[in-house]
$ cat entry.pdb   # PDB, C-alpha atoms
ATOM      1  CA  MET A 208       7.929   4.484  -2.626  1.00  0.00           C
ATOM      2  CA  THR A 209       9.612   6.458  -5.380  1.00  0.00           C
ATOM      3  CA  VAL A 210       8.979   8.846  -8.266  1.00  0.00           C
ATOM      4  CA  VAL A 211       9.581   7.276 -11.673  1.00  0.00           C
ATOM      5  CA  GLU A 212      10.181   9.282 -14.841  1.00  0.00           C
ATOM      6  CA  THR A 213       7.873   8.068 -17.604  1.00  0.00           C
ATOM      7  CA  ARG A 214       7.173   9.129 -21.152  1.00  0.00           C
ATOM      8  CA  ASP A 215       4.121  11.018 -19.844  1.00  0.00           C
ATOM      9  CA  GLY A 216       5.925  12.739 -16.965  1.00  0.00           C
ATOM     10  CA  PRO A 217       6.680  11.707 -13.386  1.00  0.00           C
ATOM     11  CA  ALA A 218       4.671   9.000 -11.635  1.00  0.00           C
ATOM     12  CA  LEU A 219       4.627   8.190  -7.936  1.00  0.00           C
ATOM     13  CA  VAL A 220       4.927   4.432  -7.351  1.00  0.00           C
ATOM     14  CA  ALA A 221       4.167   3.047  -3.895  1.00  0.00           C
ATOM     15  CA  TYR A 222       3.872  -0.548  -2.688  1.00  0.00           C
ATOM     16  CA  LEU A 223       3.406  -2.054   0.740  1.00  0.00           C
ATOM     17  CA  SER A 224       3.333  -5.686   1.811  1.00  0.00           C
ATOM     18  CA  ASP A 225       2.835  -7.328   5.189  1.00  0.00           C
ATOM     19  CA  GLY A 226       3.996 -10.881   5.874  1.00  0.00           C
ATOM     20  CA  ALA A 227       1.412 -13.202   7.392  1.00  0.00           C
ATOM     21  CA  GLY A 228       1.873 -13.599  11.128  1.00  0.00           C
ATOM     22  CA  GLY A 229       1.789 -17.383  10.967  1.00  0.00           C
ATOM     23  CA  ALA A 230       4.093 -17.652   7.953  1.00  0.00           C
ATOM     24  CA  GLY A 231       7.662 -18.513   8.874  1.00  0.00           C
ATOM     25  CA  LEU A 232       9.074 -16.524   5.952  1.00  0.00           C
ATOM     26  CA  GLY A 233       6.369 -13.871   5.710  1.00  0.00           C
ATOM     27  CA  GLY A 234       8.908 -11.075   6.034  1.00  0.00           C
ATOM     28  CA  VAL A 235      10.922 -12.515   3.151  1.00  0.00           C
ATOM     29  CA  GLY A 236       7.763 -12.734   1.067  1.00  0.00           C
ATOM     30  CA  ALA A 237       6.867  -9.120   1.837  1.00  0.00           C
ATOM     31  CA  ARG A 238      10.297  -7.874   0.738  1.00  0.00           C
ATOM     32  CA  VAL A 239      10.117  -9.891  -2.476  1.00  0.00           C
ATOM     33  CA  ALA A 240       6.596  -8.598  -3.180  1.00  0.00           C
ATOM     34  CA  VAL A 241       7.559  -4.934  -2.781  1.00  0.00           C
ATOM     35  CA  ASN A 242      10.938  -5.103  -4.515  1.00  0.00           C
ATOM     36  CA  SER A 243       9.662  -7.040  -7.528  1.00  0.00           C
ATOM     37  CA  ALA A 244       6.659  -4.703  -7.936  1.00  0.00           C
ATOM     38  CA  MET A 245       8.844  -1.598  -7.788  1.00  0.00           C
ATOM     39  CA  ALA A 246      11.302  -3.052 -10.295  1.00  0.00           C
ATOM     40  CA  PHE A 247       8.488  -4.043 -12.660  1.00  0.00           C
ATOM     41  CA  MET A 248       6.962  -0.564 -12.636  1.00  0.00           C
ATOM     42  CA  ARG A 249      10.321   1.174 -13.083  1.00  0.00           C
ATOM     43  CA  ARG A 250      10.898  -0.897 -16.233  1.00  0.00           C
ATOM     44  CA  SER A 251       7.368  -0.840 -17.614  1.00  0.00           C
ATOM     45  CA  LEU A 252       6.373   2.796 -17.158  1.00  0.00           C
ATOM     46  CA  ILE A 253       9.247   3.949 -19.353  1.00  0.00           C
ATOM     47  CA  TYR A 254       7.616   2.313 -22.384  1.00  0.00           C
ATOM     48  CA  GLN A 255       3.881   2.258 -21.707  1.00  0.00           C
ATOM     49  CA  PRO A 256       1.291   4.304 -19.814  1.00  0.00           C
ATOM     50  CA  MET A 257      -0.144   3.084 -16.544  1.00  0.00           C
ATOM     51  CA  SER A 258      -3.296   1.000 -16.917  1.00  0.00           C
ATOM     52  CA  VAL A 259      -5.422  -1.559 -15.105  1.00  0.00           C
ATOM     53  CA  GLY A 260      -3.903  -4.242 -17.316  1.00  0.00           C
ATOM     54  CA  LEU A 261      -0.387  -3.220 -16.309  1.00  0.00           C
ATOM     55  CA  ALA A 262      -1.369  -3.518 -12.637  1.00  0.00           C
ATOM     56  CA  TYR A 263      -2.504  -7.105 -13.199  1.00  0.00           C
ATOM     57  CA  ALA A 264       0.699  -7.862 -15.100  1.00  0.00           C
ATOM     58  CA  CYS A 265       2.654  -6.482 -12.153  1.00  0.00           C
ATOM     59  CA  ALA A 266       0.762  -8.737  -9.730  1.00  0.00           C
ATOM     60  CA  GLU A 267       1.500 -11.762 -11.905  1.00  0.00           C
ATOM     61  CA  GLU A 268       5.193 -10.830 -11.934  1.00  0.00           C
ATOM     62  CA  VAL A 269       5.178 -10.497  -8.148  1.00  0.00           C
ATOM     63  CA  ARG A 270       3.592 -13.910  -7.711  1.00  0.00           C
ATOM     64  CA  ASN A 271       6.173 -15.468 -10.047  1.00  0.00           C
ATOM     65  CA  HIS A 272       8.980 -13.945  -7.974  1.00  0.00           C
ATOM     66  CA  LEU A 273       7.409 -15.341  -4.808  1.00  0.00           C
ATOM     67  CA  VAL A 274       7.315 -18.812  -6.383  1.00  0.00           C
ATOM     68  CA  GLN A 275      11.019 -18.482  -7.265  1.00  0.00           C
ATOM     69  CA  ALA A 276      11.846 -17.236  -3.772  1.00  0.00           C
ATOM     70  CA  ALA A 277      10.078 -20.219  -2.242  1.00  0.00           C
ATOM     71  CA  VAL A 278      12.216 -22.546  -4.371  1.00  0.00           C
ATOM     72  CA  TRP A 279      15.404 -20.716  -3.317  1.00  0.00           C
ATOM     73  CA  GLN A 280      14.375 -20.955   0.330  1.00  0.00           C
ATOM     74  CA  GLY A 281      13.459 -24.632  -0.015  1.00  0.00           C
ATOM     75  CA  ALA A 282      10.052 -23.819   1.449  1.00  0.00           C
ATOM     76  CA  ALA A 283       6.419 -24.064   0.453  1.00  0.00           C
ATOM     77  CA  LEU A 284       4.943 -20.914  -1.068  1.00  0.00           C
ATOM     78  CA  LEU A 285       2.553 -20.794   1.887  1.00  0.00           C
ATOM     79  CA  HIS A 286       5.469 -19.880   4.162  1.00  0.00           C
ATOM     80  CA  LEU A 287       6.031 -16.648   2.188  1.00  0.00           C
ATOM     81  CA  SER A 288       2.401 -15.514   2.462  1.00  0.00           C
ATOM     82  CA  CYS A 289       1.951 -11.743   2.394  1.00  0.00           C
ATOM     83  CA  THR A 290      -0.612  -9.108   1.555  1.00  0.00           C
ATOM     84  CA  TRP A 291       0.009  -6.638  -1.275  1.00  0.00           C
ATOM     85  CA  LEU A 292      -1.142  -3.034  -1.680  1.00  0.00           C
ATOM     86  CA  GLY A 293      -0.056  -0.554  -4.312  1.00  0.00           C
ATOM     87  CA  ALA A 294      -0.742   2.845  -5.816  1.00  0.00           C
ATOM     88  CA  VAL A 295       0.594   4.501  -8.959  1.00  0.00           C
ATOM     89  CA  VAL A 296      -0.132   8.223  -9.275  1.00  0.00           C
ATOM     90  CA  THR A 297       0.253   9.687 -12.763  1.00  0.00           C
ATOM     91  CA  ASN A 298      -0.418  13.210 -13.985  1.00  0.00           C
ATOM     92  CA  ARG A 299      -4.002  12.258 -14.811  1.00  0.00           C
ATOM     93  CA  SER A 300      -5.123   9.606 -12.325  1.00  0.00           C
ATOM     94  CA  VAL A 301      -4.297   7.269  -9.479  1.00  0.00           C
ATOM     95  CA  PHE A 302      -4.399   3.506  -9.909  1.00  0.00           C
ATOM     96  CA  VAL A 303      -4.841   1.458  -6.735  1.00  0.00           C
ATOM     97  CA  MET A 304      -4.486  -2.294  -6.311  1.00  0.00           C
ATOM     98  CA  GLN A 305      -4.888  -4.593  -3.341  1.00  0.00           C
ATOM     99  CA  ILE A 306      -5.100  -8.188  -2.220  1.00  0.00           C
ATOM    100  CA  GLY A 307      -5.470  -8.856   1.486  1.00  0.00           C
ATOM    101  CA  ASP A 308      -6.102  -6.645   4.482  1.00  0.00           C
ATOM    102  CA  GLY A 309      -4.555  -3.289   5.262  1.00  0.00           C
ATOM    103  CA  ALA A 310      -5.897  -0.148   3.619  1.00  0.00           C
ATOM    104  CA  ILE A 311      -5.330   2.445   0.918  1.00  0.00           C
ATOM    105  CA  VAL A 312      -6.616   5.950   1.674  1.00  0.00           C
ATOM    106  CA  VAL A 313      -6.746   8.713  -0.924  1.00  0.00           C
ATOM    107  CA  GLY A 314      -7.731  12.355  -0.633  1.00  0.00           C
ATOM    108  CA  GLU A 315      -9.690  14.312  -3.235  1.00  0.00           C
ATOM    109  CA  ASN A 316     -10.464  17.987  -2.677  1.00  0.00           C
ATOM    110  CA  GLY A 317      -9.952  17.573   1.051  1.00  0.00           C
ATOM    111  CA  ARG A 318     -12.179  14.496   1.343  1.00  0.00           C
ATOM    112  CA  LEU A 319     -10.644  11.157   2.344  1.00  0.00           C
ATOM    113  CA  ARG A 320     -11.922   7.872   0.945  1.00  0.00           C
ATOM    114  CA  VAL A 321     -11.037   4.179   0.948  1.00  0.00           C
ATOM    115  CA  PRO A 322     -11.420   2.965  -2.657  1.00  0.00           C
ATOM    116  CA  ILE A 323     -10.916  -0.748  -1.864  1.00  0.00           C
ATOM    117  CA  GLN A 324     -12.269  -2.358   1.274  1.00  0.00           C
ATOM    118  CA  PRO A 325      -9.776  -4.594   3.129  1.00  0.00           C
ATOM    119  CA  MET A 326     -10.242  -8.270   2.349  1.00  0.00           C
ATOM    120  CA  ARG A 327     -11.222 -10.764   4.995  1.00  0.00           C
ATOM    121  CA  GLY A 328     -11.189 -14.543   4.729  1.00  0.00           C
ATOM    122  CA  VAL A 329     -13.581 -17.037   6.276  1.00  0.00           C
ATOM    123  CA  SER A 330     -13.009 -15.352   9.648  1.00  0.00           C
ATOM    124  CA  THR A 331     -11.915 -11.889  10.750  1.00  0.00           C
ATOM    125  CA  ALA A 332      -8.494 -13.318  11.589  1.00  0.00           C
ATOM    126  CA  THR A 333      -7.750 -14.443   8.020  1.00  0.00           C
ATOM    127  CA  THR A 334      -7.253 -12.655   4.730  1.00  0.00           C
ATOM    128  CA  ALA A 335      -6.031 -13.194   1.170  1.00  0.00           C
ATOM    129  CA  PHE A 336      -2.406 -13.204   0.029  1.00  0.00           C
ATOM    130  CA  ILE A 337      -0.655 -12.412  -3.244  1.00  0.00           C
ATOM    131  CA  GLY A 338       0.885 -15.903  -3.313  1.00  0.00           C
ATOM    132  CA  ASP A 339      -2.452 -17.723  -2.956  1.00  0.00           C
ATOM    133  CA  ARG A 340      -3.772 -19.937  -5.710  1.00  0.00           C
ATOM    134  CA  GLY A 341      -6.227 -17.767  -7.608  1.00  0.00           C
ATOM    135  CA  ALA A 342      -4.757 -14.558  -6.194  1.00  0.00           C
ATOM    136  CA  LEU A 343      -5.109 -12.676  -9.475  1.00  0.00           C
ATOM    137  CA  VAL A 344      -8.846 -13.422  -9.451  1.00  0.00           C
ATOM    138  CA  ARG A 345      -9.241 -11.861  -6.011  1.00  0.00           C
ATOM    139  CA  LEU A 346      -6.966  -8.902  -6.755  1.00  0.00           C
ATOM    140  CA  VAL A 347      -8.857  -5.596  -6.975  1.00  0.00           C
ATOM    141  CA  VAL A 348      -7.530  -2.860  -9.269  1.00  0.00           C
ATOM    142  CA  LYS A 349      -9.182   0.535  -9.817  1.00  0.00           C
ATOM    143  CA  ASP A 350      -8.440   3.587 -11.941  1.00  0.00           C
ATOM    144  CA  LEU A 351      -9.911   6.358  -9.797  1.00  0.00           C
ATOM    145  CA  GLY A 352      -9.782   9.015 -12.495  1.00  0.00           C
ATOM    146  CA  PHE A 353      -8.271  11.847 -10.447  1.00  0.00           C
ATOM    147  CA  VAL A 354      -4.910  12.910  -9.030  1.00  0.00           C
ATOM    148  CA  PRO A 355      -5.129  12.687  -5.224  1.00  0.00           C
ATOM    149  CA  ASP A 356      -4.246  15.438  -2.774  1.00  0.00           C
ATOM    150  CA  CYS A 357      -2.794  12.848  -0.404  1.00  0.00           C
ATOM    151  CA  LEU A 358      -2.230   9.121  -0.196  1.00  0.00           C
ATOM    152  CA  ALA A 359      -1.695   6.558   2.552  1.00  0.00           C
ATOM    153  CA  LEU A 360      -0.953   2.845   2.424  1.00  0.00           C
ATOM    154  CA  LEU A 361      -1.040   1.031   5.738  1.00  0.00           C
ATOM    155  CA  SER A 362      -0.822  -2.513   7.024  1.00  0.00           C
ATOM    156  CA  ASP A 363      -3.483  -4.271   9.069  1.00  0.00           C
ATOM    157  CA  GLY A 364      -1.705  -3.342  12.306  1.00  0.00           C
ATOM    158  CA  LEU A 365      -2.958   0.215  11.714  1.00  0.00           C
ATOM    159  CA  GLN A 366      -6.165  -0.644   9.899  1.00  0.00           C
ATOM    160  CA  ASP A 367      -8.485  -0.550  12.907  1.00  0.00           C
ATOM    161  CA  TYR A 368      -7.088   2.847  13.912  1.00  0.00           C
ATOM    162  CA  ALA A 369      -7.326   4.364  10.432  1.00  0.00           C
ATOM    163  CA  LEU A 370     -10.762   3.009   9.506  1.00  0.00           C
ATOM    164  CA  GLU A 371     -14.063   2.864  11.341  1.00  0.00           C
ATOM    165  CA  PRO A 372     -14.583  -0.864  12.083  1.00  0.00           C
ATOM    166  CA  ALA A 373     -18.336  -0.759  11.465  1.00  0.00           C
ATOM    167  CA  THR A 374     -18.346   1.236   8.222  1.00  0.00           C
ATOM    168  CA  GLY A 375     -14.822   1.095   6.786  1.00  0.00           C
ATOM    169  CA  TYR A 376     -14.821   4.895   6.462  1.00  0.00           C
ATOM    170  CA  PRO A 377     -11.561   6.785   7.128  1.00  0.00           C
ATOM    171  CA  ARG A 378     -11.039   7.971  10.699  1.00  0.00           C
ATOM    172  CA  LEU A 379     -10.177  11.639  10.442  1.00  0.00           C
ATOM    173  CA  ASP A 380      -8.830  11.848  14.001  1.00  0.00           C
ATOM    174  CA  PHE A 381      -6.096   9.375  13.061  1.00  0.00           C
ATOM    175  CA  LEU A 382      -5.357  10.283   9.447  1.00  0.00           C
ATOM    176  CA  VAL A 383      -5.610  14.080   9.327  1.00  0.00           C
ATOM    177  CA  PRO A 384      -2.754  14.666  11.823  1.00  0.00           C
ATOM    178  CA  LEU A 385      -0.503  12.420   9.722  1.00  0.00           C
ATOM    179  CA  PHE A 386      -1.171  14.314   6.504  1.00  0.00           C
ATOM    180  CA  THR A 387      -0.942  17.650   8.331  1.00  0.00           C
ATOM    181  CA  MET A 388       2.487  16.633   9.609  1.00  0.00           C
ATOM    182  CA  LEU A 389       3.682  16.041   6.030  1.00  0.00           C
ATOM    183  CA  GLU A 390       2.405  19.392   4.854  1.00  0.00           C
ATOM    184  CA  GLN A 391       3.654  21.474   7.777  1.00  0.00           C
ATOM    185  CA  VAL A 392       7.095  19.974   8.495  1.00  0.00           C
ATOM    186  CA  PRO A 393       9.592  21.033   5.757  1.00  0.00           C
ATOM    187  CA  ASP A 394      11.056  18.463   3.361  1.00  0.00           C
ATOM    188  CA  SER A 395      14.547  19.325   4.611  1.00  0.00           C
ATOM    189  CA  SER A 396      13.605  18.323   8.152  1.00  0.00           C
ATOM    190  CA  ASP A 397      13.520  14.535   7.907  1.00  0.00           C
ATOM    191  CA  HIS A 398      14.511  14.188  11.564  1.00  0.00           C
ATOM    192  CA  GLY A 399      11.675  16.489  12.540  1.00  0.00           C
ATOM    193  CA  ARG A 400       9.206  14.447  10.506  1.00  0.00           C
ATOM    194  CA  ASP A 401      10.424  11.240  12.108  1.00  0.00           C
ATOM    195  CA  ALA A 402       9.977  12.705  15.576  1.00  0.00           C
ATOM    196  CA  VAL A 403       6.449  13.931  14.864  1.00  0.00           C
ATOM    197  CA  LEU A 404       5.475  10.669  13.174  1.00  0.00           C
ATOM    198  CA  ASN A 405       6.810   8.581  16.053  1.00  0.00           C
ATOM    199  CA  ALA A 406       4.885  10.723  18.511  1.00  0.00           C
ATOM    200  CA  LEU A 407       1.677  10.283  16.524  1.00  0.00           C
ATOM    201  CA  LEU A 408       2.069   6.516  16.253  1.00  0.00           C
ATOM    202  CA  ARG A 409       3.059   5.992  19.881  1.00  0.00           C
ATOM    203  CA  ARG A 410      -0.027   7.552  21.397  1.00  0.00           C
ATOM    204  CA  PRO A 411      -1.428   5.503  24.320  1.00  0.00           C
ATOM    205  CA  GLU A 412      -4.618   4.618  22.453  1.00  0.00           C
ATOM    206  CA  LEU A 413      -2.520   2.877  19.779  1.00  0.00           C
ATOM    207  CA  ASP A 414      -0.623   0.752  22.273  1.00  0.00           C
ATOM    208  CA  ARG A 415      -2.625  -2.464  22.323  1.00  0.00           C
ATOM    209  CA  PRO A 416      -1.050  -5.724  23.507  1.00  0.00           C
ATOM    210  CA  GLY A 417      -0.345  -8.114  20.665  1.00  0.00           C
ATOM    211  CA  SER A 418      -0.715  -5.479  17.924  1.00  0.00           C
ATOM    212  CA  ASP A 419       0.388  -6.558  14.461  1.00  0.00           C
ATOM    213  CA  ASP A 420       3.331  -4.974  12.695  1.00  0.00           C
ATOM    214  CA  ARG A 421       2.621  -1.390  11.653  1.00  0.00           C
ATOM    215  CA  SER A 422       3.741  -0.299   8.205  1.00  0.00           C
ATOM    216  CA  LEU A 423       2.774   3.078   6.788  1.00  0.00           C
ATOM    217  CA  LEU A 424       3.470   5.019   3.584  1.00  0.00           C
ATOM    218  CA  LEU A 425       2.363   8.655   3.313  1.00  0.00           C
ATOM    219  CA  ALA A 426       2.439  11.151   0.446  1.00  0.00           C
ATOM    220  CA  CYS A 427       0.913  14.593  -0.071  1.00  0.00           C
ATOM    221  CA  ASN A 428       0.738  16.564  -3.312  1.00  0.00           C
ATOM    222  CA  ALA A 429       3.382  14.249  -4.722  1.00  0.00           C
ATOM    223  CA  LEU A 430       3.047  15.376  -8.318  1.00  0.00           C
ATOM    224  CA  CYS A 431       1.894  18.954  -7.773  1.00  0.00           C
TER     225      CYS A 431
END

$ encode --input "entry.pdb" --output "structure tokens"
Amino acid sequence: MTVVETRDGPALVAYLSDGAGGAGLGGVGARVAVNSAMAFMRRSLIYQPMSVGLAYACAEEVRNHLVQAAVWQGAALLHLSCTWLGAVVTNRSVFVMQIGDGAIVVGENGRLRVPIQPMRGVSTATTAFIGDRGALVRLVVKDLGFVPDCLALLSDGLQDYALEPATGYPRLDFLVPLFTMLEQVPDSSDHGRDAVLNALLRRPELDRPGSDDRSLLLACNALC
């Protein structure tokens, strides 16, 4: 996650990817997916405004990099399977994009919402991946039309804690303390933020055997 200077002012660019548990090189795929997306947006936003079309172009670039990485690794693309979530916050809107499970949560006037529902495959244990054939068809991109108060991207290891399983609505008891921590702990106190965040994520109710990897990006009032 970083702030990129564009011709229209600063933009917050955030991407998260989670390697498939059964993919031998899923972690490699996730790193390639995030790094190539960030590099694409850094280059592109200098010359053109953010748009839905640019999000799809970014996804195509990411998939091409995954294909190249598979060749370098001497492995099938399947072994680099990973989900892909992103958000670009400009001074007029937030663009969100997702393929696979995990969740994006945005806040507007104090109200949290999930603009894209996590994707499931033929069973609850499967999902879609950015390297899949036809991935760009399944990719969901939305221009939400407002600048969010807060933003969270999280992997599927936190999904069931952050969202109500039955409805997909945000769980305030999980998310609000995280955003409150960002607002109340000073920017200069990174160690303090780490300590509070670790305490929040290591609560007993989150300690389930066999839990998936937990990746989390948080931002509040990033462009205010």

$ residues_near_point --input "entry.pdb" --point "(4.3, 13.0, 14.1)" --cutoff "10 Å" --atoms "all atoms listed in the file" --output "list in words"
Pro384, Leu385, Phe386, Thr387, Met388, Leu389, Val392, Gly399, Arg400, Asp401, Ala402, Val403, Leu404, Asn405, Ala406, Leu407, Leu408 and Arg409 of chain A

$ residues_around --input "entry.pdb" --residues "range 342-356 of chain A" --least-positions-apart "3" --cutoff "10 Å" --atoms "only C-alpha atoms" --output "PyMOL selection string"
chain A and resi 257-260+262-264+266-267+270+291-307+312-319+322-324+326+335-339+386+426-431

$ resolve_selection --input "entry.pdb" --expression "the PyMOL selection byres ((chain A and resi 251-254) around 8)" --output "MDAnalysis selection string"
chainID A and resid 211:214 247:250 255:257

$ closest_atom_pairs --input "entry.pdb" --of "range 324-411 of chain A" --to "range 217-231 of chain A" --cutoff "9 Å" --atoms "all atoms listed in the file" --output "JSON lines"
{"residue": "A:Phe336", "atom": "CA", "partner": "A:Ala227", "partner_atom": "CA", "distance": 8.3}
{"residue": "A:Leu360", "atom": "CA", "partner": "A:Leu223", "partner_atom": "CA", "distance": 6.8}
{"residue": "A:Leu361", "atom": "CA", "partner": "A:Leu223", "partner_atom": "CA", "distance": 7.4}
{"residue": "A:Ser362", "atom": "CA", "partner": "A:Asp225", "partner_atom": "CA", "distance": 6.3}
{"residue": "A:Asp363", "atom": "CA", "partner": "A:Asp225", "partner_atom": "CA", "distance": 8.0}

$ atom_distance --input "entry.pdb" --atom1 "CA of Asn271 in chain A" --atom2 "CA of Val235 in chain A"
14.3 Å

$ closest_residue --input "entry.pdb" --among "A:Ala237, A:Val274, A:Ala310, A:Met245" --to "Gly375 in chain A" --atoms "all atoms listed in the file"
A:Ala310

$ atom_distance --input "entry.pdb" --atom1 "CA of Val321 in chain A" --atom2 "CA of Thr290 in chain A"
16.9 Å

$ atom_distance --input "entry.pdb" --atom1 "CA of Val239 in chain A" --atom2 "CA of Leu261 in chain A"
18.6 Å

$ decode --input "entry.pdb" --residues "range 376-390 of chain A" --atoms "N, CA, C and O atoms" --output "PDB file, in the first residue's frame"
ATOM      1  N   TYR A 376     -22.532  -9.101   5.677  1.00  0.00           N
ATOM      2  CA  TYR A 376     -22.407  -7.741   6.189  1.00  0.00           C
ATOM      3  C   TYR A 376     -21.156  -7.624   7.074  1.00  0.00           C
ATOM      4  O   TYR A 376     -20.739  -8.591   7.709  1.00  0.00           O
ATOM      5  N   PRO A 377     -20.589  -6.418   7.166  1.00  0.00           N
ATOM      6  CA  PRO A 377     -19.415  -6.229   8.033  1.00  0.00           C
ATOM      7  C   PRO A 377     -19.754  -6.481   9.496  1.00  0.00           C
ATOM      8  O   PRO A 377     -20.829  -6.107   9.969  1.00  0.00           O
ATOM      9  N   ARG A 378     -18.834  -7.110  10.207  1.00  0.00           N
ATOM     10  CA  ARG A 378     -18.982  -7.316  11.648  1.00  0.00           C
ATOM     11  C   ARG A 378     -18.323  -6.153  12.373  1.00  0.00           C
ATOM     12  O   ARG A 378     -17.096  -6.019  12.392  1.00  0.00           O
ATOM     13  N   LEU A 379     -19.136  -5.323  12.991  1.00  0.00           N
ATOM     14  CA  LEU A 379     -18.622  -4.127  13.638  1.00  0.00           C
ATOM     15  C   LEU A 379     -17.736  -4.459  14.829  1.00  0.00           C
ATOM     16  O   LEU A 379     -16.768  -3.740  15.104  1.00  0.00           O
ATOM     17  N   ASP A 380     -18.035  -5.555  15.535  1.00  0.00           N
ATOM     18  CA  ASP A 380     -17.241  -5.888  16.722  1.00  0.00           C
ATOM     19  C   ASP A 380     -15.809  -6.250  16.364  1.00  0.00           C
ATOM     20  O   ASP A 380     -14.906  -6.121  17.185  1.00  0.00           O
ATOM     21  N   PHE A 381     -15.579  -6.681  15.135  1.00  0.00           N
ATOM     22  CA  PHE A 381     -14.221  -6.987  14.685  1.00  0.00           C
ATOM     23  C   PHE A 381     -13.559  -5.778  14.029  1.00  0.00           C
ATOM     24  O   PHE A 381     -12.402  -5.460  14.306  1.00  0.00           O
ATOM     25  N   LEU A 382     -14.288  -5.079  13.170  1.00  0.00           N
ATOM     26  CA  LEU A 382     -13.686  -4.049  12.337  1.00  0.00           C
ATOM     27  C   LEU A 382     -13.524  -2.704  13.042  1.00  0.00           C
ATOM     28  O   LEU A 382     -12.493  -2.023  12.875  1.00  0.00           O
ATOM     29  N   VAL A 383     -14.511  -2.294  13.818  1.00  0.00           N
ATOM     30  CA  VAL A 383     -14.445  -0.970  14.445  1.00  0.00           C
ATOM     31  C   VAL A 383     -13.214  -0.810  15.338  1.00  0.00           C
ATOM     32  O   VAL A 383     -12.540   0.230  15.281  1.00  0.00           O
ATOM     33  N   PRO A 384     -12.860  -1.795  16.175  1.00  0.00           N
ATOM     34  CA  PRO A 384     -11.641  -1.625  16.983  1.00  0.00           C
ATOM     35  C   PRO A 384     -10.375  -1.448  16.147  1.00  0.00           C
ATOM     36  O   PRO A 384      -9.454  -0.733  16.559  1.00  0.00           O
ATOM     37  N   LEU A 385     -10.327  -2.068  14.966  1.00  0.00           N
ATOM     38  CA  LEU A 385      -9.155  -1.917  14.109  1.00  0.00           C
ATOM     39  C   LEU A 385      -9.046  -0.487  13.575  1.00  0.00           C
ATOM     40  O   LEU A 385      -7.976   0.129  13.611  1.00  0.00           O
ATOM     41  N   PHE A 386     -10.157   0.042  13.085  1.00  0.00           N
ATOM     42  CA  PHE A 386     -10.137   1.409  12.572  1.00  0.00           C
ATOM     43  C   PHE A 386      -9.932   2.423  13.705  1.00  0.00           C
ATOM     44  O   PHE A 386      -9.246   3.439  13.522  1.00  0.00           O
ATOM     45  N   THR A 387     -10.507   2.154  14.859  1.00  0.00           N
ATOM     46  CA  THR A 387     -10.316   3.032  16.014  1.00  0.00           C
ATOM     47  C   THR A 387      -8.848   3.088  16.412  1.00  0.00           C
ATOM     48  O   THR A 387      -8.314   4.149  16.762  1.00  0.00           O
ATOM     49  N   MET A 388      -8.183   1.930  16.351  1.00  0.00           N
ATOM     50  CA  MET A 388      -6.757   1.879  16.665  1.00  0.00           C
ATOM     51  C   MET A 388      -5.971   2.798  15.734  1.00  0.00           C
ATOM     52  O   MET A 388      -5.091   3.552  16.173  1.00  0.00           O
ATOM     53  N   LEU A 389      -6.281   2.795  14.438  1.00  0.00           N
ATOM     54  CA  LEU A 389      -5.568   3.653  13.497  1.00  0.00           C
ATOM     55  C   LEU A 389      -5.776   5.126  13.813  1.00  0.00           C
ATOM     56  O   LEU A 389      -4.853   5.948  13.692  1.00  0.00           O
ATOM     57  N   GLU A 390      -6.993   5.474  14.192  1.00  0.00           N
ATOM     58  CA  GLU A 390      -7.304   6.871  14.427  1.00  0.00           C
ATOM     59  C   GLU A 390      -6.740   7.388  15.746  1.00  0.00           C
ATOM     60  O   GLU A 390      -6.379   8.553  15.868  1.00  0.00           O
TER      61      GLU A 390
END
